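Undergrad: Here you go, one structure.
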Amino acid sequence: MSAPAALRFSYGTNGLADHRLDDALRLLADLGYEGVALTLDHQHLDPYAPGLAARLNGIRRALDDTGLDVVIETGARYLLDPYRKHRPTLLSADPAGRALRLDLLRRAVGIGAVLGAGAVHFWSGTPDPDTTRDEAWRRLVDGCAETLGHAEAAGIDLAFEPEPGMLVADLAGYRRLLADLGRPDRFRLTLDLGHCRCLEPWPVAHCVALAADRLAHVQIEDMRRGTHEHLPFGEGEIDFPPVLHALADAGYQGLVSVELPRHSHAGAESARRSIAFLHAAAGWRPRQQTPQKEAVPV
């Protein structure tokens with residue numbers, strides 16, 4: 001049996017929104033992180049701002065200097081519409097709105113290719129009130145297929161995230177979407193471990209096992225059952241050592257990104273406490289390697 005993979009921790013820039021990006025990268029490297037989950041937004045990297053090519057060259061140099069790997073995130077709250085959070089989406093009834101989201105994803109893929117990103121992350125969004133689920137699903141499949149074409153041309157993986165409250169909220173929804181797309185290799189998964197605690201019917205460590213064959217990115221934070229609130233470690237209900245152990249034993253080699261988007265006001269301290277917690281939790285190993293049976297729904 002091969003040795004478990006050493007986990008590589010990163011931190012999301014949506015939790016460092018009060019820092020300049022160059023400062024944030026140096027901070028994360030100094031604290032011992034190995035990567036950064038870079039949200040495309042006005043604070044750090046606006047994909048619509050003039051001089052994008054020069055800005056990307058500077059970020060590429062900063063990543064090289066700090067030794068940080070990167071994934072690209074597209075979940076900015078008001079980048080596309082200053083009045084409506086996280087909209088428009090791939091599900092929007094207005095074709096112009098869907099086109100705007102598709103353009104953002106196309107730009108994200110291009111940015112990811114320039115920066116050498118491991119993956120580009122995105123989610124489904126929520127349907128408009130007068131849109132049926134079947135209509136929303138068809139729009140989602142079409143939008144994912146178009147974005148997949150850009151990703152395949154650029155040679156970069158997509159990392160789709162099931163998000164509580166959205167059309168694709170859980171692992172079962174991701175598997176259905178993957179099947180409808182024809183199971184393309186580059187259409188992979190972002191697994192948010194807090195979301196697993198929030199709504200999946202299985203223990204979090206078992207969710208890791210169920211998702212291991214498709215993982216391109218992992219997000220991590222604490223959370224409570226039934227409440228979609230990203231919490232600092234130790235303030236929720238997740239027992240992290242066995243979850244991190246499951247990731248390592250699955251051979252996962254991508255980034256494990258701390259996702260605390262509402263903690264920028266204390267970003268430096270949150271990043272420091274998070275990496276200390278994760279290093280301690282990842283050092284845990286069971287005394288015996290006997291497989292443990294878990295009760296799971298059938």
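In the structure tokens, chains take the letters A, B, ... in the order shown, each chain's residues start at 1, and ligands count up from 1 in the order shown.
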According to DSSP computed on the backbone, where in range 78-273 of chain A is there alpha helix (DSSP H)? Give the residues as a PyMOL selection string.
TA: chain A and resi 95-115+133-154+171-180+193-199+204-211+240-249+267-273
Undergrad: Could you give me, as an MDAnalysis selection string, the residues within 12 Å of Gly32 in chain A, counting only C-alpha atoms and dropping anything in the same chain fewer than 2 positions from it?
TA: chainID A and resid 8:11 25:30 34:36 66:68 271:276 278:279
Undergrad: CA of Gly12 in chain A to CA of Pro184 in chain A: how many Å, to one decimal?
TA: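 Calculated distance between CA of Gly12 in chain A and CA of Pro184 in chain A is 26.9 Å.
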Undergrad: Can you pull out every residue within 8 Å of Leu56 in chain A, counting only C-alpha atoms, but drop anything in the same chain fewer than 5 positions away, and send it as a list in words?
TA: Ile111, Val114 and Leu115 of chain A
Undergrad: Next, the residues of the selection above should be written as an mmCIF file, in the first residue's frame with C-alpha atoms.
TA:
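selection26.cif, written as the output of this step:
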```cif
data_model
loop_
_atom_site.group_PDB
_atom_site.id
_atom_site.type_symbol
_atom_site.label_atom_id
_atom_site.label_comp_id
_atom_site.auth_asym_id
_atom_site.auth_seq_id
_atom_site.Cartn_x
_atom_site.Cartn_y
_atom_site.Cartn_z
ATOM 1 C CA ILE A 111 -6.781 33.564 -16.680
ATOM 2 C CA VAL A 114 -1.997 32.031 -17.921
ATOM 3 C CA LEU A 115 -1.463 31.600 -14.168
#
```
Undergrad: Give me, please, the distance in Å between CA of Leu171 in chain A and CA of Thr74 in chain A, quoted to one decimal.
TA: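 These two atoms are separated by 19.6 Å.
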Undergrad: List the neighbours of Phe277 in chain A out to 12 Å using only C-alpha atoms; skip same-chain residues closer than 5 positions along the sequence, and give me the result as a CSV table (one decimal) with all heavy atoms, in the first residue's frame.
TA:
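What follows is the written file selection.csv:
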```
chain,number,residue,atom,x,y,z
A,9,PHE,N,-2.4,22.9,1.9
A,9,PHE,CA,-3.4,23.8,2.3
A,9,PHE,C,-3.3,25.1,1.6
A,9,PHE,O,-2.2,25.6,1.3
A,9,PHE,CB,-3.4,24.0,3.8
A,9,PHE,CG,-3.7,22.7,4.5
A,9,PHE,CD1,-2.7,22.1,5.3
A,9,PHE,CD2,-4.9,22.1,4.4
A,9,PHE,CE1,-2.9,20.9,6.0
A,9,PHE,CE2,-5.2,20.9,5.1
A,9,PHE,CZ,-4.2,20.3,5.9
A,220,ILE,N,-12.6,24.0,2.6
A,220,ILE,CA,-12.7,23.5,4.0
A,220,ILE,C,-13.0,24.7,5.0
A,220,ILE,O,-12.4,25.8,4.8
A,220,ILE,CB,-11.4,22.8,4.4
A,220,ILE,CG1,-11.5,22.1,5.8
A,220,ILE,CG2,-10.2,23.7,4.4
A,220,ILE,CD1,-10.4,21.1,6.0
A,221,GLU,N,-13.9,24.4,5.9
A,221,GLU,CA,-14.2,25.3,7.0
A,221,GLU,C,-15.1,24.5,7.9
A,221,GLU,O,-15.4,23.3,7.6
A,221,GLU,CB,-15.0,26.5,6.5
A,221,GLU,CG,-16.4,26.2,6.0
A,221,GLU,CD,-16.4,25.6,4.6
A,221,GLU,OE1,-15.7,26.0,3.7
A,221,GLU,OE2,-17.2,24.6,4.4
A,222,ASP,N,-15.5,25.0,9.0
A,222,ASP,CA,-16.4,24.3,9.9
A,222,ASP,C,-17.8,24.7,9.6
A,222,ASP,O,-18.1,25.7,9.0
A,222,ASP,CB,-16.0,24.7,11.4
A,222,ASP,CG,-16.2,23.5,12.3
A,222,ASP,OD1,-16.9,22.5,11.9
A,222,ASP,OD2,-15.6,23.5,13.4
A,232,PRO,N,-15.2,29.5,11.4
A,232,PRO,CA,-13.8,29.1,11.8
A,232,PRO,C,-13.7,27.7,12.4
A,232,PRO,O,-14.7,27.3,13.0
A,232,PRO,CB,-13.4,30.2,12.8
A,232,PRO,CG,-14.3,31.4,12.5
A,232,PRO,CD,-15.6,30.7,12.1
A,233,PHE,N,-12.6,27.1,12.3
A,233,PHE,CA,-12.4,25.8,12.8
A,233,PHE,C,-12.6,25.8,14.3
A,233,PHE,O,-12.2,26.6,15.0
A,233,PHE,CB,-11.0,25.3,12.5
A,233,PHE,CG,-10.8,25.2,11.0
A,233,PHE,CD1,-9.9,26.0,10.4
A,233,PHE,CD2,-11.5,24.3,10.2
A,233,PHE,CE1,-9.6,26.0,9.0
A,233,PHE,CE2,-11.3,24.2,8.8
A,233,PHE,CZ,-10.4,25.1,8.2
A,234,GLY,N,-13.4,24.8,14.8
A,234,GLY,CA,-13.7,24.6,16.2
A,234,GLY,C,-15.0,25.2,16.6
A,234,GLY,O,-15.4,25.0,17.7
A,239,ASP,N,-15.6,16.9,12.8
A,239,ASP,CA,-14.4,16.2,13.4
A,239,ASP,C,-13.4,16.1,12.3
A,239,ASP,O,-13.4,15.2,11.5
A,239,ASP,CB,-14.8,14.9,14.0
A,239,ASP,CG,-13.6,14.2,14.7
A,239,ASP,OD1,-12.6,14.8,15.0
A,239,ASP,OD2,-13.7,12.9,14.9
A,240,PHE,N,-12.4,17.0,12.3
A,240,PHE,CA,-11.5,17.2,11.1
A,240,PHE,C,-10.4,16.1,11.0
A,240,PHE,O,-10.1,15.7,9.8
A,240,PHE,CB,-10.9,18.6,11.1
A,240,PHE,CG,-11.9,19.6,10.6
A,240,PHE,CD1,-12.6,20.4,11.6
A,240,PHE,CD2,-12.1,19.8,9.3
A,240,PHE,CE1,-13.5,21.4,11.1
A,240,PHE,CE2,-13.0,20.8,8.9
A,240,PHE,CZ,-13.7,21.5,9.8
A,241,PRO,N,-9.8,15.6,12.0
A,241,PRO,CA,-8.7,14.6,11.8
A,241,PRO,C,-9.1,13.5,10.9
A,241,PRO,O,-8.4,13.2,9.9
A,241,PRO,CB,-8.3,14.2,13.2
A,241,PRO,CG,-8.6,15.4,14.0
A,241,PRO,CD,-9.9,16.0,13.4
A,244,LEU,N,-9.5,14.7,7.2
A,244,LEU,CA,-8.3,15.0,6.5
A,244,LEU,C,-7.5,13.6,6.3
A,244,LEU,O,-6.9,13.5,5.2
A,244,LEU,CB,-7.4,15.9,7.4
A,244,LEU,CG,-8.0,17.3,7.6
A,244,LEU,CD1,-7.1,18.1,8.5
A,244,LEU,CD2,-8.1,18.0,6.2
A,258,VAL,N,-9.0,26.9,2.6
A,258,VAL,CA,-9.9,27.5,3.6
A,258,VAL,C,-10.8,28.5,3.0
A,258,VAL,O,-10.4,29.4,2.3
A,258,VAL,CB,-9.0,28.2,4.7
A,258,VAL,CG1,-9.9,28.8,5.8
A,258,VAL,CG2,-8.0,27.2,5.3
A,270,SER,N,-7.3,35.1,11.0
A,270,SER,CA,-8.0,33.9,10.6
A,270,SER,C,-7.1,32.9,9.8
A,270,SER,O,-7.2,31.7,10.0
A,270,SER,CB,-9.2,34.3,9.8
A,270,SER,OG,-10.2,35.0,10.6
A,271,ALA,N,-6.3,33.5,9.0
A,271,ALA,CA,-5.4,32.6,8.2
A,271,ALA,C,-4.3,32.0,9.1
A,271,ALA,O,-4.0,30.8,8.9
A,271,ALA,CB,-4.7,33.4,7.1
A,272,ARG,N,-3.8,32.7,10.1
A,272,ARG,CA,-2.8,32.1,11.0
A,272,ARG,C,-3.4,31.0,11.8
A,272,ARG,O,-2.9,29.9,12.0
A,272,ARG,CB,-2.3,33.2,11.9
A,272,ARG,CG,-1.1,32.8,12.8
A,272,ARG,CD,-0.8,33.8,13.9
A,272,ARG,NE,-1.9,34.0,14.8
A,272,ARG,CZ,-2.2,33.1,15.8
A,272,ARG,NH1,-1.5,32.0,16.0
A,272,ARG,NH2,-3.2,33.4,16.7
A,282,ALA,N,-4.1,17.5,10.6
A,282,ALA,CA,-3.6,16.6,9.6
A,282,ALA,C,-2.6,15.6,10.2
A,282,ALA,O,-2.3,14.6,9.6
A,282,ALA,CB,-3.0,17.4,8.4
A,283,GLY,N,-2.0,16.0,11.3
A,283,GLY,CA,-1.0,15.1,11.9
A,283,GLY,C,-1.5,13.9,12.6
A,283,GLY,O,-0.8,13.0,13.0
A,284,TRP,N,-2.8,13.9,12.8
A,284,TRP,CA,-3.5,12.8,13.5
A,284,TRP,C,-3.5,11.6,12.6
A,284,TRP,O,-3.8,11.7,11.4
A,284,TRP,CB,-4.9,13.2,13.8
A,284,TRP,CG,-5.8,12.1,14.4
A,284,TRP,CD1,-6.0,11.8,15.7
A,284,TRP,CD2,-6.7,11.2,13.6
A,284,TRP,NE1,-6.9,10.8,15.8
A,284,TRP,CE2,-7.3,10.4,14.6
A,284,TRP,CE3,-6.9,11.0,12.3
A,284,TRP,CZ2,-8.2,9.5,14.2
A,284,TRP,CZ3,-7.8,10.1,11.9
A,284,TRP,CH2,-8.5,9.3,12.9
```
Undergrad: Pick the closest to Arg186 in chain A from A:Glu135, A:Glu259, A:Glu235, A:Asp157: which is it, counting only C-alpha atoms?
TA: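 Residue with the minimum atom-to-atom distance to Arg186 in chain A: A:Asp157.
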Undergrad: According to DSSP computed on the backbone, where in range 49-218 of chain A is there strand (DSSP E)? Give the residues as a list in words.
TA: Asp69, Val70, Val71, Ile72, Glu73, Ala119, Val120, His121, Phe122, Asp157, Leu158, Ala159, Phe160, Phe187, Arg188, Leu189, Thr190, Leu191, Asp192, Leu215, Ala216, His217 and Val218 of chain A
Undergrad: Since we have the selection now, will you write its residues out, keeping N, CA, C and O atoms, as an mmCIF file, in the first residue's frame?
TA:
```
data_model
loop_
_atom_site.group_PDB
_atom_site.id
_atom_site.type_symbol
_atom_site.label_atom_id
_atom_site.label_comp_id
_atom_site.auth_asym_id
_atom_site.auth_seq_id
_atom_site.Cartn_x
_atom_site.Cartn_y
_atom_site.Cartn_z
ATOM 1 N N ASP A 69 0.760 27.598 -5.340
ATOM 2 C CA ASP A 69 -0.097 27.144 -6.418
ATOM 3 C C ASP A 69 -1.424 27.886 -6.338
ATOM 4 O O ASP A 69 -1.753 28.507 -5.321
ATOM 5 N N VAL A 70 -2.224 27.799 -7.408
ATOM 6 C CA VAL A 70 -3.431 28.613 -7.465
ATOM 7 C C VAL A 70 -4.578 27.848 -8.102
ATOM 8 O O VAL A 70 -4.374 27.017 -8.998
ATOM 9 N N VAL A 71 -5.771 28.070 -7.596
ATOM 10 C CA VAL A 71 -7.012 27.736 -8.284
ATOM 11 C C VAL A 71 -7.783 29.037 -8.477
ATOM 12 O O VAL A 71 -7.634 29.979 -7.695
ATOM 13 N N ILE A 72 -8.594 29.093 -9.525
ATOM 14 C CA ILE A 72 -9.368 30.292 -9.837
ATOM 15 C C ILE A 72 -10.812 30.093 -9.395
ATOM 16 O O ILE A 72 -11.442 29.089 -9.738
ATOM 17 N N GLU A 73 -11.321 31.058 -8.637
ATOM 18 C CA GLU A 73 -12.701 31.026 -8.143
ATOM 19 C C GLU A 73 -13.539 32.082 -8.861
ATOM 20 O O GLU A 73 -13.041 33.181 -9.150
ATOM 21 N N ALA A 119 -7.205 24.415 -11.452
ATOM 22 C CA ALA A 119 -8.601 24.256 -11.851
ATOM 23 C C ALA A 119 -9.286 25.610 -11.815
ATOM 24 O O ALA A 119 -8.793 26.563 -11.197
ATOM 25 N N VAL A 120 -10.453 25.684 -12.467
ATOM 26 C CA VAL A 120 -11.344 26.843 -12.405
ATOM 27 C C VAL A 120 -12.644 26.388 -11.763
ATOM 28 O O VAL A 120 -13.303 25.460 -12.247
ATOM 29 N N HIS A 121 -12.997 27.046 -10.678
ATOM 30 C CA HIS A 121 -14.158 26.681 -9.867
ATOM 31 C C HIS A 121 -15.382 27.490 -10.276
ATOM 32 O O HIS A 121 -15.279 28.682 -10.571
ATOM 33 N N PHE A 122 -16.565 26.846 -10.286
ATOM 34 C CA PHE A 122 -17.824 27.565 -10.482
ATOM 35 C C PHE A 122 -18.967 26.721 -9.948
ATOM 36 O O PHE A 122 -18.782 25.581 -9.524
ATOM 37 N N ASP A 157 -8.694 21.999 -15.978
ATOM 38 C CA ASP A 157 -9.869 21.340 -15.425
ATOM 39 C C ASP A 157 -10.873 22.354 -14.898
ATOM 40 O O ASP A 157 -10.498 23.396 -14.350
ATOM 41 N N LEU A 158 -12.158 22.026 -15.042
ATOM 42 C CA LEU A 158 -13.222 22.723 -14.339
ATOM 43 C C LEU A 158 -13.478 22.002 -13.023
ATOM 44 O O LEU A 158 -13.370 20.780 -12.941
ATOM 45 N N ALA A 159 -13.838 22.756 -11.997
ATOM 46 C CA ALA A 159 -14.102 22.194 -10.672
ATOM 47 C C ALA A 159 -15.467 22.702 -10.217
ATOM 48 O O ALA A 159 -15.582 23.762 -9.600
ATOM 49 N N PHE A 160 -16.512 21.960 -10.539
ATOM 50 C CA PHE A 160 -17.894 22.372 -10.261
ATOM 51 C C PHE A 160 -18.222 22.096 -8.799
ATOM 52 O O PHE A 160 -17.971 21.010 -8.281
ATOM 53 N N PHE A 187 -14.458 17.762 -16.547
ATOM 54 C CA PHE A 187 -15.539 18.306 -15.725
ATOM 55 C C PHE A 187 -15.461 17.639 -14.362
ATOM 56 O O PHE A 187 -16.046 16.593 -14.107
ATOM 57 N N ARG A 188 -14.723 18.273 -13.471
ATOM 58 C CA ARG A 188 -14.420 17.667 -12.191
ATOM 59 C C ARG A 188 -15.169 18.381 -11.062
ATOM 60 O O ARG A 188 -16.121 19.120 -11.317
ATOM 61 N N LEU A 189 -14.754 18.181 -9.830
ATOM 62 C CA LEU A 189 -15.558 18.537 -8.672
ATOM 63 C C LEU A 189 -14.765 19.368 -7.674
ATOM 64 O O LEU A 189 -13.602 19.080 -7.394
ATOM 65 N N THR A 190 -15.417 20.408 -7.135
ATOM 66 C CA THR A 190 -14.988 21.047 -5.892
ATOM 67 C C THR A 190 -15.846 20.482 -4.771
ATOM 68 O O THR A 190 -17.076 20.610 -4.798
ATOM 69 N N LEU A 191 -15.230 19.855 -3.805
ATOM 70 C CA LEU A 191 -15.940 19.322 -2.647
ATOM 71 C C LEU A 191 -15.737 20.270 -1.477
ATOM 72 O O LEU A 191 -14.614 20.445 -0.997
ATOM 73 N N ASP A 192 -16.814 20.903 -1.029
ATOM 74 C CA ASP A 192 -16.762 21.751 0.159
ATOM 75 C C ASP A 192 -17.135 20.880 1.364
ATOM 76 O O ASP A 192 -18.263 20.394 1.464
ATOM 77 N N LEU A 215 -12.286 14.534 -7.728
ATOM 78 C CA LEU A 215 -11.841 15.745 -7.039
ATOM 79 C C LEU A 215 -10.801 16.529 -7.834
ATOM 80 O O LEU A 215 -9.788 15.984 -8.253
ATOM 81 N N ALA A 216 -11.059 17.826 -7.994
ATOM 82 C CA ALA A 216 -10.056 18.749 -8.518
ATOM 83 C C ALA A 216 -9.717 19.826 -7.494
ATOM 84 O O ALA A 216 -8.677 20.466 -7.603
ATOM 85 N N HIS A 217 -10.593 20.031 -6.512
ATOM 86 C CA HIS A 217 -10.402 21.094 -5.522
ATOM 87 C C HIS A 217 -11.228 20.744 -4.294
ATOM 88 O O HIS A 217 -12.297 20.144 -4.406
ATOM 89 N N VAL A 218 -10.720 21.110 -3.126
ATOM 90 C CA VAL A 218 -11.440 20.912 -1.867
ATOM 91 C C VAL A 218 -11.480 22.234 -1.135
ATOM 92 O O VAL A 218 -10.467 22.947 -1.040
#
```
